[in-house]
file work_4.pdb (PDB, N, CA and C atoms)
ATOM      1  N   MET I 269       0.834  -1.178   0.000
ATOM      2  CA  MET I 269       0.000   0.000   0.000
ATOM      3  C   MET I 269       0.881   1.243   0.000
ATOM      4  N   TYR I 270       0.360   2.252  -0.663
ATOM      5  CA  TYR I 270       1.036   3.544  -0.732
ATOM      6  C   TYR I 270       0.222   4.558   0.066
ATOM      7  N   TYR I 271       0.885   5.640   0.480
ATOM      8  CA  TYR I 271       0.256   6.625   1.343
ATOM      9  C   TYR I 271       0.359   8.014   0.736
ATOM     10  N   CYS I 272      -0.779   8.709   0.675
ATOM     11  CA  CYS I 272      -0.792  10.100   0.229
ATOM     12  C   CYS I 272      -0.841  10.988   1.467
ATOM     13  N   PRO I 273       0.225  11.741   1.738
ATOM     14  CA  PRO I 273       0.235  12.600   2.924
ATOM     15  C   PRO I 273      -0.728  13.783   2.802
ATOM     16  N   ASP I 274      -1.096  14.152   1.596
ATOM     17  CA  ASP I 274      -2.042  15.255   1.414
ATOM     18  C   ASP I 274      -3.462  14.842   1.781
ATOM     19  N   CYS I 275      -3.875  13.673   1.324
ATOM     20  CA  CYS I 275      -5.244  13.185   1.549
ATOM     21  C   CYS I 275      -5.347  12.257   2.755
ATOM     22  N   ARG I 276      -4.191  11.822   3.252
ATOM     23  CA  ARG I 276      -4.137  10.814   4.331
ATOM     24  C   ARG I 276      -4.921   9.574   3.913
ATOM     25  N   LEU I 277      -4.619   9.120   2.725
ATOM     26  CA  LEU I 277      -5.351   8.027   2.117
ATOM     27  C   LEU I 277      -4.399   6.915   1.717
ATOM     28  N   ALA I 278      -4.745   5.669   2.067
ATOM     29  CA  ALA I 278      -3.984   4.507   1.627
ATOM     30  C   ALA I 278      -4.438   4.159   0.212
ATOM     31  N   ASN I 279      -3.485   3.938  -0.681
ATOM     32  CA  ASN I 279      -3.771   3.669  -2.091
ATOM     33  C   ASN I 279      -3.066   2.394  -2.533
ATOM     34  N   GLU I 280      -3.665   1.703  -3.465
ATOM     35  CA  GLU I 280      -3.068   0.468  -3.974
ATOM     36  C   GLU I 280      -1.953   0.733  -4.973
ATOM     37  N   THR I 281      -1.946   1.902  -5.582
ATOM     38  CA  THR I 281      -0.899   2.252  -6.547
ATOM     39  C   THR I 281      -0.142   3.475  -6.049
ATOM     40  N   GLY I 282       0.901   3.851  -6.756
ATOM     41  CA  GLY I 282       1.707   5.003  -6.395
ATOM     42  C   GLY I 282       1.085   6.327  -6.778
ATOM     43  N   CYS I 283      -0.173   6.315  -7.214
ATOM     44  CA  CYS I 283      -0.903   7.533  -7.576
ATOM     45  C   CYS I 283      -2.153   7.617  -6.705
ATOM     46  N   CYS I 284      -2.359   8.753  -6.047
ATOM     47  CA  CYS I 284      -3.508   8.921  -5.155
ATOM     48  C   CYS I 284      -4.809   8.941  -5.947
ATOM     49  N   ARG I 285      -5.758   8.120  -5.520
ATOM     50  CA  ARG I 285      -7.037   8.046  -6.221
ATOM     51  C   ARG I 285      -7.923   9.260  -5.946
ATOM     52  N   ALA I 286      -7.575  10.064  -4.936
ATOM     53  CA  ALA I 286      -8.377  11.250  -4.614
ATOM     54  C   ALA I 286      -7.831  12.517  -5.275
ATOM     55  N   CYS I 287      -6.535  12.761  -5.116
ATOM     56  CA  CYS I 287      -5.980  14.029  -5.617
ATOM     57  C   CYS I 287      -5.100  13.879  -6.852
ATOM     58  N   GLY I 288      -4.724  12.635  -7.197
ATOM     59  CA  GLY I 288      -3.896  12.410  -8.377
ATOM     60  C   GLY I 288      -2.407  12.553  -8.155
ATOM     61  N   ARG I 289      -1.989  12.839  -6.930
ATOM     62  CA  ARG I 289      -0.560  12.969  -6.640
ATOM     63  C   ARG I 289       0.159  11.680  -7.000
ATOM     64  N   ARG I 290       1.318  11.811  -7.646
ATOM     65  CA  ARG I 290       2.108  10.650  -8.077
ATOM     66  C   ARG I 290       3.335  10.510  -7.187
ATOM     67  N   GLY I 291       3.964   9.336  -7.263
ATOM     68  CA  GLY I 291       5.194   9.102  -6.513
ATOM     69  C   GLY I 291       4.960   8.947  -5.017
ATOM     70  N   LEU I 292       3.850   8.335  -4.650
ATOM     71  CA  LEU I 292       3.550   8.146  -3.232
ATOM     72  C   LEU I 292       4.541   7.175  -2.605
ATOM     73  N   ARG I 293       4.796   7.353  -1.337
ATOM     74  CA  ARG I 293       5.697   6.457  -0.609
ATOM     75  C   ARG I 293       4.901   5.285  -0.034
ATOM     76  N   GLU I 294       5.624   4.265   0.383
ATOM     77  CA  GLU I 294       5.004   3.119   1.051
ATOM     78  C   GLU I 294       4.374   3.594   2.365
ATOM     79  N   ALA I 295       3.206   3.051   2.682
ATOM     80  CA  ALA I 295       2.550   3.383   3.946
ATOM     81  C   ALA I 295       3.376   2.829   5.103
ATOM     82  N   ARG I 296       3.413   3.582   6.196
ATOM     83  CA  ARG I 296       4.148   3.172   7.401
ATOM     84  C   ARG I 296       3.159   2.925   8.533
ATOM     85  N   ARG I 297       3.606   2.184   9.530
ATOM     86  CA  ARG I 297       2.738   1.812  10.657
ATOM     87  C   ARG I 297       2.034   3.011  11.290
ATOM     88  N   GLY I 298       2.691   4.084  11.511
ATOM     89  CA  GLY I 298       2.123   5.223  12.226
ATOM     90  C   GLY I 298       1.332   6.211  11.382
ATOM     91  N   ASP I 299       1.242   5.979  10.087
ATOM     92  CA  ASP I 299       0.501   6.897   9.219
ATOM     93  C   ASP I 299      -0.993   6.820   9.533
ATOM     94  N   PHE I 300      -1.594   7.949   9.845
ATOM     95  CA  PHE I 300      -3.038   7.957  10.060
ATOM     96  C   PHE I 300      -3.717   8.047   8.704
ATOM     97  N   CYS I 301      -4.579   7.061   8.434
ATOM     98  CA  CYS I 301      -5.241   6.927   7.140
ATOM     99  C   CYS I 301      -6.745   7.157   7.275
ATOM    100  N   TYR I 302      -7.314   7.746   6.244
ATOM    101  CA  TYR I 302      -8.756   7.980   6.208
ATOM    102  C   TYR I 302      -9.499   6.652   6.298
ATOM    103  N   LEU I 303     -10.525   6.620   7.153
ATOM    104  CA  LEU I 303     -11.354   5.428   7.319
ATOM    105  C   LEU I 303     -12.758   5.649   6.753
ATOM    106  N   THR I 304     -13.449   6.681   7.225
ATOM    107  CA  THR I 304     -14.825   6.927   6.809
ATOM    108  C   THR I 304     -15.256   8.323   7.244
ATOM    109  N   THR I 305     -16.376   8.771   6.711
ATOM    110  CA  THR I 305     -17.013  10.005   7.146
ATOM    111  C   THR I 305     -18.390   9.637   7.666
ATOM    112  N   GLN I 306     -18.733  10.135   8.854
ATOM    113  CA  GLN I 306     -20.014   9.813   9.474
ATOM    114  C   GLN I 306     -20.676  11.063  10.038
ATOM    115  N   THR I 307     -21.967  10.944  10.300
ATOM    116  CA  THR I 307     -22.726  12.001  10.958
ATOM    117  C   THR I 307     -23.255  11.467  12.283
ATOM    118  N   ALA I 308     -23.717  12.361  13.149
ATOM    119  CA  ALA I 308     -24.312  11.946  14.420
ATOM    120  C   ALA I 308     -25.594  11.190  14.132
ATOM    121  N   PRO I 309     -25.922  10.199  14.883
ATOM    122  CA  PRO I 309     -25.286   9.627  16.072
ATOM    123  C   PRO I 309     -24.211   8.600  15.753
ATOM    124  N   TRP I 310     -23.958   8.357  14.482
ATOM    125  CA  TRP I 310     -23.001   7.317  14.086
ATOM    126  C   TRP I 310     -21.581   7.663  14.480
ATOM    127  N   THR I 311     -21.272   8.953  14.584
ATOM    128  CA  THR I 311     -19.923   9.362  14.967
ATOM    129  C   THR I 311     -19.562   8.800  16.339
ATOM    130  N   GLN I 312     -20.414   9.036  17.314
ATOM    131  CA  GLN I 312     -20.154   8.556  18.670
ATOM    132  C   GLN I 312     -20.143   7.034  18.722
ATOM    133  N   MET I 313     -21.077   6.406  18.024
ATOM    134  CA  MET I 313     -21.161   4.950  18.025
ATOM    135  C   MET I 313     -19.896   4.329  17.443
ATOM    136  N   LEU I 314     -19.435   4.861  16.313
ATOM    137  CA  LEU I 314     -18.227   4.322  15.684
ATOM    138  C   LEU I 314     -17.012   4.542  16.571
ATOM    139  N   GLN I 315     -16.913   5.703  17.188
ATOM    140  CA  GLN I 315     -15.787   5.974  18.073
ATOM    141  C   GLN I 315     -15.744   4.946  19.198
ATOM    142  N   GLU I 316     -16.893   4.619  19.778
ATOM    143  CA  GLU I 316     -16.948   3.629  20.855
ATOM    144  C   GLU I 316     -16.569   2.239  20.355
ATOM    145  N   VAL I 317     -17.047   1.857  19.171
ATOM    146  CA  VAL I 317     -16.706   0.546  18.613
ATOM    147  C   VAL I 317     -15.199   0.448  18.378
ATOM    148  N   LEU I 318     -14.614   1.492  17.819
ATOM    149  CA  LEU I 318     -13.166   1.480  17.582
ATOM    150  C   LEU I 318     -12.405   1.367  18.898
ATOM    151  N   GLU I 319     -12.776   2.180  19.886
ATOM    152  CA  GLU I 319     -12.097   2.142  21.185
ATOM    153  C   GLU I 319     -12.227   0.765  21.831
ATOM    154  N   ASN I 320     -13.435   0.189  21.783
ATOM    155  CA  ASN I 320     -13.667  -1.129  22.392
ATOM    156  C   ASN I 320     -12.861  -2.226  21.720
ATOM    157  N   ASN I 321     -12.407  -1.976  20.493
ATOM    158  CA  ASN I 321     -11.611  -2.958  19.759
ATOM    159  C   ASN I 321     -10.139  -2.570  19.689
ATOM    160  N   GLY I 322      -9.735  -1.629  20.518
ATOM    161  CA  GLY I 322      -8.334  -1.252  20.624
ATOM    162  C   GLY I 322      -7.788  -0.459  19.453
ATOM    163  N   VAL I 323      -8.666   0.250  18.744
ATOM    164  CA  VAL I 323      -8.229   1.046  17.602
ATOM    165  C   VAL I 323      -8.263   2.521  17.985
ATOM    166  N   VAL I 324      -7.094   3.132  18.024
ATOM    167  CA  VAL I 324      -6.997   4.559  18.282
ATOM    168  C   VAL I 324      -7.432   5.289  17.015
ATOM    169  N   SER I 325      -8.221   6.339  17.176
ATOM    170  CA  SER I 325      -8.647   7.093  16.001
ATOM    171  C   SER I 325      -8.550   8.582  16.279
ATOM    172  N   THR I 326      -8.501   9.332  15.199
ATOM    173  CA  THR I 326      -8.550  10.781  15.244
ATOM    174  C   THR I 326      -9.739  11.194  14.401
ATOM    175  N   GLN I 327     -10.487  12.162  14.879
ATOM    176  CA  GLN I 327     -11.635  12.647  14.112
ATOM    177  C   GLN I 327     -11.451  14.123  13.800
ATOM    178  N   TRP I 328     -11.884  14.483  12.600
ATOM    179  CA  TRP I 328     -11.866  15.883  12.188
ATOM    180  C   TRP I 328     -13.235  16.253  11.665
ATOM    181  N   LEU I 329     -13.723  17.387  12.093
ATOM    182  CA  LEU I 329     -14.958  17.910  11.546
ATOM    183  C   LEU I 329     -14.685  18.323  10.102
ATOM    184  N   VAL I 330     -15.549  17.913   9.192
ATOM    185  CA  VAL I 330     -15.358  18.243   7.781
ATOM    186  C   VAL I 330     -15.421  19.759   7.620
ATOM    187  N   PRO I 331     -14.401  20.369   6.995
ATOM    188  CA  PRO I 331     -14.399  21.818   6.820
ATOM    189  C   PRO I 331     -15.681  22.296   6.153
ATOM    190  N   GLY I 332     -16.260  23.326   6.734
ATOM    191  CA  GLY I 332     -17.480  23.890   6.177
ATOM    192  C   GLY I 332     -18.746  23.280   6.736
ATOM    193  N   ALA I 333     -18.644  22.124   7.395
ATOM    194  CA  ALA I 333     -19.838  21.465   7.924
ATOM    195  C   ALA I 333     -20.482  22.302   9.014
ATOM    196  N   TRP I 334     -19.656  22.953   9.851
ATOM    197  CA  TRP I 334     -20.236  23.766  10.921
ATOM    198  C   TRP I 334     -21.004  24.941  10.341
ATOM    199  N   ALA I 335     -20.474  25.535   9.270
ATOM    200  CA  ALA I 335     -21.152  26.686   8.664
ATOM    201  C   ALA I 335     -22.469  26.261   8.025
ATOM    202  N   ALA I 336     -22.460  25.117   7.357
ATOM    203  CA  ALA I 336     -23.691  24.614   6.745
ATOM    204  C   ALA I 336     -24.740  24.358   7.818
ATOM    205  N   ALA I 337     -24.309  23.781   8.941
ATOM    206  CA  ALA I 337     -25.248  23.518  10.035
ATOM    207  C   ALA I 337     -25.747  24.833  10.634
ATOM    208  N   TYR I 338     -24.859  25.798  10.786
ATOM    209  CA  TYR I 338     -25.223  27.091  11.376
ATOM    210  C   TYR I 338     -26.229  27.834  10.512
ATOM    211  N   PHE I 339     -26.012  27.795   9.197
ATOM    212  CA  PHE I 339     -26.885  28.539   8.300
ATOM    213  C   PHE I 339     -28.089  27.736   7.834
ATOM    214  N   GLY I 340     -28.217  26.518   8.324
ATOM    215  CA  GLY I 340     -29.421  25.746   8.083
ATOM    216  C   GLY I 340     -29.458  24.904   6.834
ATOM    217  N   SER I 341     -28.386  24.828   6.087
ATOM    218  CA  SER I 341     -28.431  24.027   4.862
ATOM    219  C   SER I 341     -28.134  22.553   5.134
ATOM    220  N   SER I 342     -27.640  22.238   6.311
ATOM    221  CA  SER I 342     -27.360  20.846   6.661
ATOM    222  C   SER I 342     -27.633  20.661   8.143
ATOM    223  N   PRO I 343     -28.480  19.704   8.525
ATOM    224  CA  PRO I 343     -28.806  19.540   9.933
ATOM    225  C   PRO I 343     -27.730  18.836  10.750
ATOM    226  N   GLN I 344     -26.761  18.209  10.096
ATOM    227  CA  GLN I 344     -25.774  17.441  10.838
ATOM    228  C   GLN I 344     -24.357  17.755  10.388
ATOM    229  N   ASN I 345     -23.458  17.741  11.354
ATOM    230  CA  ASN I 345     -22.040  17.871  11.034
ATOM    231  C   ASN I 345     -21.514  16.524  10.577
ATOM    232  N   ARG I 346     -20.564  16.568   9.675
ATOM    233  CA  ARG I 346     -19.907  15.347   9.212
ATOM    234  C   ARG I 346     -18.523  15.295   9.836
ATOM    235  N   THR I 347     -18.140  14.095  10.263
ATOM    236  CA  THR I 347     -16.849  13.891  10.906
ATOM    237  C   THR I 347     -16.074  12.835  10.145
ATOM    238  N   GLU I 348     -14.811  13.138   9.838
ATOM    239  CA  GLU I 348     -13.931  12.174   9.182
ATOM    240  C   GLU I 348     -13.138  11.424  10.246
ATOM    241  N   PHE I 349     -13.002  10.115  10.054
ATOM    242  CA  PHE I 349     -12.238   9.264  10.965
ATOM    243  C   PHE I 349     -10.945   8.843  10.291
ATOM    244  N   PHE I 350      -9.857   8.870  11.071
ATOM    245  CA  PHE I 350      -8.538   8.437  10.620
ATOM    246  C   PHE I 350      -7.986   7.457  11.650
ATOM    247  N   VAL I 351      -7.366   6.382  11.171
ATOM    248  CA  VAL I 351      -6.787   5.369  12.060
ATOM    249  C   VAL I 351      -5.370   5.049  11.578
ATOM    250  N   PRO I 352      -4.516   4.527  12.472
ATOM    251  CA  PRO I 352      -3.163   4.162  12.057
ATOM    252  C   PRO I 352      -3.208   3.094  10.958
ATOM    253  N   TYR I 353      -2.280   3.180  10.041
ATOM    254  CA  TYR I 353      -2.244   2.259   8.904
ATOM    255  C   TYR I 353      -2.296   0.799   9.339
ATOM    256  N   GLU I 354      -1.563   0.451  10.404
ATOM    257  CA  GLU I 354      -1.529  -0.951  10.825
ATOM    258  C   GLU I 354      -2.885  -1.443  11.338
ATOM    259  N   LYS I 355      -3.803  -0.539  11.657
ATOM    260  CA  LYS I 355      -5.145  -0.907  12.135
ATOM    261  C   LYS I 355      -6.221  -0.684  11.073
ATOM    262  N   LEU I 356      -5.840  -0.185   9.912
ATOM    263  CA  LEU I 356      -6.809   0.205   8.886
ATOM    264  C   LEU I 356      -7.686  -0.959   8.424
ATOM    265  N   ALA I 357      -7.107  -2.085   8.087
ATOM    266  CA  ALA I 357      -7.893  -3.215   7.574
ATOM    267  C   ALA I 357      -8.909  -3.693   8.611
ATOM    268  N   GLY I 358      -8.493  -3.813   9.862
ATOM    269  CA  GLY I 358      -9.406  -4.231  10.921
ATOM    270  C   GLY I 358     -10.501  -3.202  11.163
ATOM    271  N   ALA I 359     -10.134  -1.929  11.111
ATOM    272  CA  ALA I 359     -11.120  -0.865  11.317
ATOM    273  C   ALA I 359     -12.139  -0.836  10.173
ATOM    274  N   GLN I 360     -11.682  -1.108   8.949
ATOM    275  CA  GLN I 360     -12.612  -1.161   7.813
ATOM    276  C   GLN I 360     -13.630  -2.285   8.007
ATOM    277  N   LEU I 361     -13.198  -3.416   8.534
ATOM    278  CA  LEU I 361     -14.121  -4.519   8.818
ATOM    279  C   LEU I 361     -15.137  -4.129   9.888
ATOM    280  N   LEU I 362     -14.681  -3.428  10.925
ATOM    281  CA  LEU I 362     -15.593  -2.969  11.971
ATOM    282  C   LEU I 362     -16.648  -2.014  11.408
ATOM    283  N   VAL I 363     -16.226  -1.116  10.527
ATOM    284  CA  VAL I 363     -17.172  -0.178   9.900
ATOM    285  C   VAL I 363     -18.201  -0.950   9.086
ATOM    286  N   GLU I 364     -17.729  -1.897   8.289
ATOM    287  CA  GLU I 364     -18.654  -2.696   7.477
ATOM    288  C   GLU I 364     -19.642  -3.454   8.349
ATOM    289  N   GLU I 365     -19.153  -4.100   9.397
ATOM    290  CA  GLU I 365     -20.028  -4.866  10.282
ATOM    291  C   GLU I 365     -21.046  -3.963  10.973
ATOM    292  N   LEU I 366     -20.584  -2.822  11.476
ATOM    293  CA  LEU I 366     -21.467  -1.905  12.191
ATOM    294  C   LEU I 366     -22.572  -1.386  11.290
ATOM    295  N   PHE I 367     -22.217  -0.920  10.115
ATOM    296  CA  PHE I 367     -23.219  -0.282   9.269
ATOM    297  C   PHE I 367     -24.030  -1.289   8.462
ATOM    298  N   ASP I 368     -23.479  -2.466   8.181
ATOM    299  CA  ASP I 368     -24.295  -3.514   7.560
ATOM    300  C   ASP I 368     -25.352  -4.001   8.546
ATOM    301  N   ALA I 369     -24.964  -4.154   9.816
ATOM    302  CA  ALA I 369     -25.912  -4.589  10.841
ATOM    303  C   ALA I 369     -26.994  -3.532  11.042
ATOM    304  N   GLU I 370     -26.616  -2.262  11.032
ATOM    305  CA  GLU I 370     -27.597  -1.192  11.211
ATOM    306  C   GLU I 370     -28.556  -1.127  10.037
ATOM    307  N   ALA I 371     -28.054  -1.290   8.828
ATOM    308  CA  ALA I 371     -28.917  -1.274   7.639
ATOM    309  C   ALA I 371     -29.899  -2.437   7.678
ATOM    310  N   ALA I 372     -29.440  -3.600   8.111
ATOM    311  CA  ALA I 372     -30.324  -4.769   8.217
ATOM    312  C   ALA I 372     -31.401  -4.528   9.261
ATOM    313  N   ARG I 373     -31.045  -3.890  10.375
ATOM    314  CA  ARG I 373     -32.010  -3.580  11.422
ATOM    315  C   ARG I 373     -33.071  -2.609  10.908
ATOM    316  N   GLU I 374     -32.645  -1.595  10.172
ATOM    317  CA  GLU I 374     -33.585  -0.608   9.630
ATOM    318  C   GLU I 374     -34.540  -1.254   8.628
ATOM    319  N   GLN I 375     -34.050  -2.170   7.827
ATOM    320  CA  GLN I 375     -34.904  -2.849   6.841
ATOM    321  C   GLN I 375     -35.897  -3.781   7.519
ATOM    322  N   ALA I 376     -35.530  -4.328   8.666
ATOM    323  CA  ALA I 376     -36.400  -5.269   9.374
ATOM    324  C   ALA I 376     -37.515  -4.576  10.146
ATOM    325  N   GLU I 377     -37.336  -3.267  10.440
ATOM    326  CA  GLU I 377     -38.341  -2.530  11.197
ATOM    327  C   GLU I 377     -39.584  -2.332  10.340
ATOM    328  N   PRO I 378     -40.777  -2.623  10.904
ATOM    329  CA  PRO I 378     -41.999  -2.421  10.125
ATOM    330  C   PRO I 378     -42.294  -0.928   9.958
ATOM    331  N   GLU I 379     -42.813  -0.590   8.801
ATOM    332  CA  GLU I 379     -43.182   0.810   8.539
ATOM    333  C   GLU I 379     -44.505   1.102   9.179
ATOM    334  N   GLU I 380     -44.676   2.313   9.692
ATOM    335  CA  GLU I 380     -45.931   2.699  10.338
ATOM    336  C   GLU I 380     -46.866   3.356   9.376
TER     337      GLU I 380
END
call {"tool": "encode", "arguments": {"input": "work_4.pdb", "output": "C-alpha cells"}}
result
Amino acid sequence: MYYCPDCRLANETGCCRACGRRGLREARRGDFCYLTTQTAPWTQMLQEVLENNGVVSTQWLVPGAWAAAYFGSSPQNRTEFFVPYEKLAGAQLLVEELFDAEAAREQAEPEE
C-alpha cells in the first residue's frame, strides 16, 4: 500500500485516487489513514466501537460542515475518521459490520 500525505489516504498504486498525486511512498505503521465520514449519532457509536476494539482514532470535523449547520443548509455535522495504517484493515471490517448490521435492522423494522 502507498500513502498520500495530502489526503491521508492509503492507495493500492503510487498515484492517489483522490488528488492524483504521483510518486507516493510506502505506507508506514504510524501513518493515520482515512477510514470513513459519518454524521451523528453514528460518529459517537463508531468511536466507541473502535475504542472497544483497541483502535486509536482521530476525528476531524469536515471543513465547512459547521457553517452549513449554522446557516441551516445541513442539519448534521460530518466527521472524518482516521486510524493508524496498521489498524486500517481491521477498522474497515468494523465499519462494514457496524453499518451492515444497522442497515439490516432498519430494513427489518416495520413501517408505520
call {"tool": "residues_around", "arguments": {"input": "work_4.pdb", "residues": "Arg346 (chain I)", "least_positions_apart": "4", "cutoff": "5 Å", "atoms": "all atoms listed in the file", "output": "list of chain:residue names"}}
result
I:Gln306, I:Thr307, I:Leu329, I:Val330
call {"tool": "atom_distance", "arguments": {"input": "work_4.pdb", "atom1": "atom C of Leu303 (chain I)", "atom2": "CA of Asn320 (chain I)"}}
result
17.1 Å
call {"tool": "resolve_selection", "arguments": {"input": "work_4.pdb", "expression": "the PyMOL selection byres ((chain I and resi 325) around 6.5)", "output": "PyMOL selection string"}}
result
chain I and resi 323-324+326-327+349-352
call {"tool": "closest_residue", "arguments": {"input": "work_4.pdb", "among": "I:Met269, I:Met313, I:Cys283, I:Ala278", "to": "Ala295 (chain I)", "atoms": "all atoms listed in the file"}}
result
I:Met269
call {"tool": "closest_residue", "arguments": {"input": "work_4.pdb", "among": "I:Cys301, I:Cys287, I:Cys272, I:Ala308", "to": "Glu354 (chain I)", "atoms": "all atoms listed in the file"}}
result
I:Cys301
call {"tool": "closest_residue", "arguments": {"input": "work_4.pdb", "among": "I:Pro331, I:Gly358, I:Pro273, I:Gly322", "to": "Arg289 (chain I)", "atoms": "only C-alpha atoms"}}
result
I:Pro273
call {"tool": "atom_distance", "arguments": {"input": "work_4.pdb", "atom1": "atom N of Asn279 (chain I)", "atom2": "atom C of Trp328 (chain I)"}}
result
20.0 Å
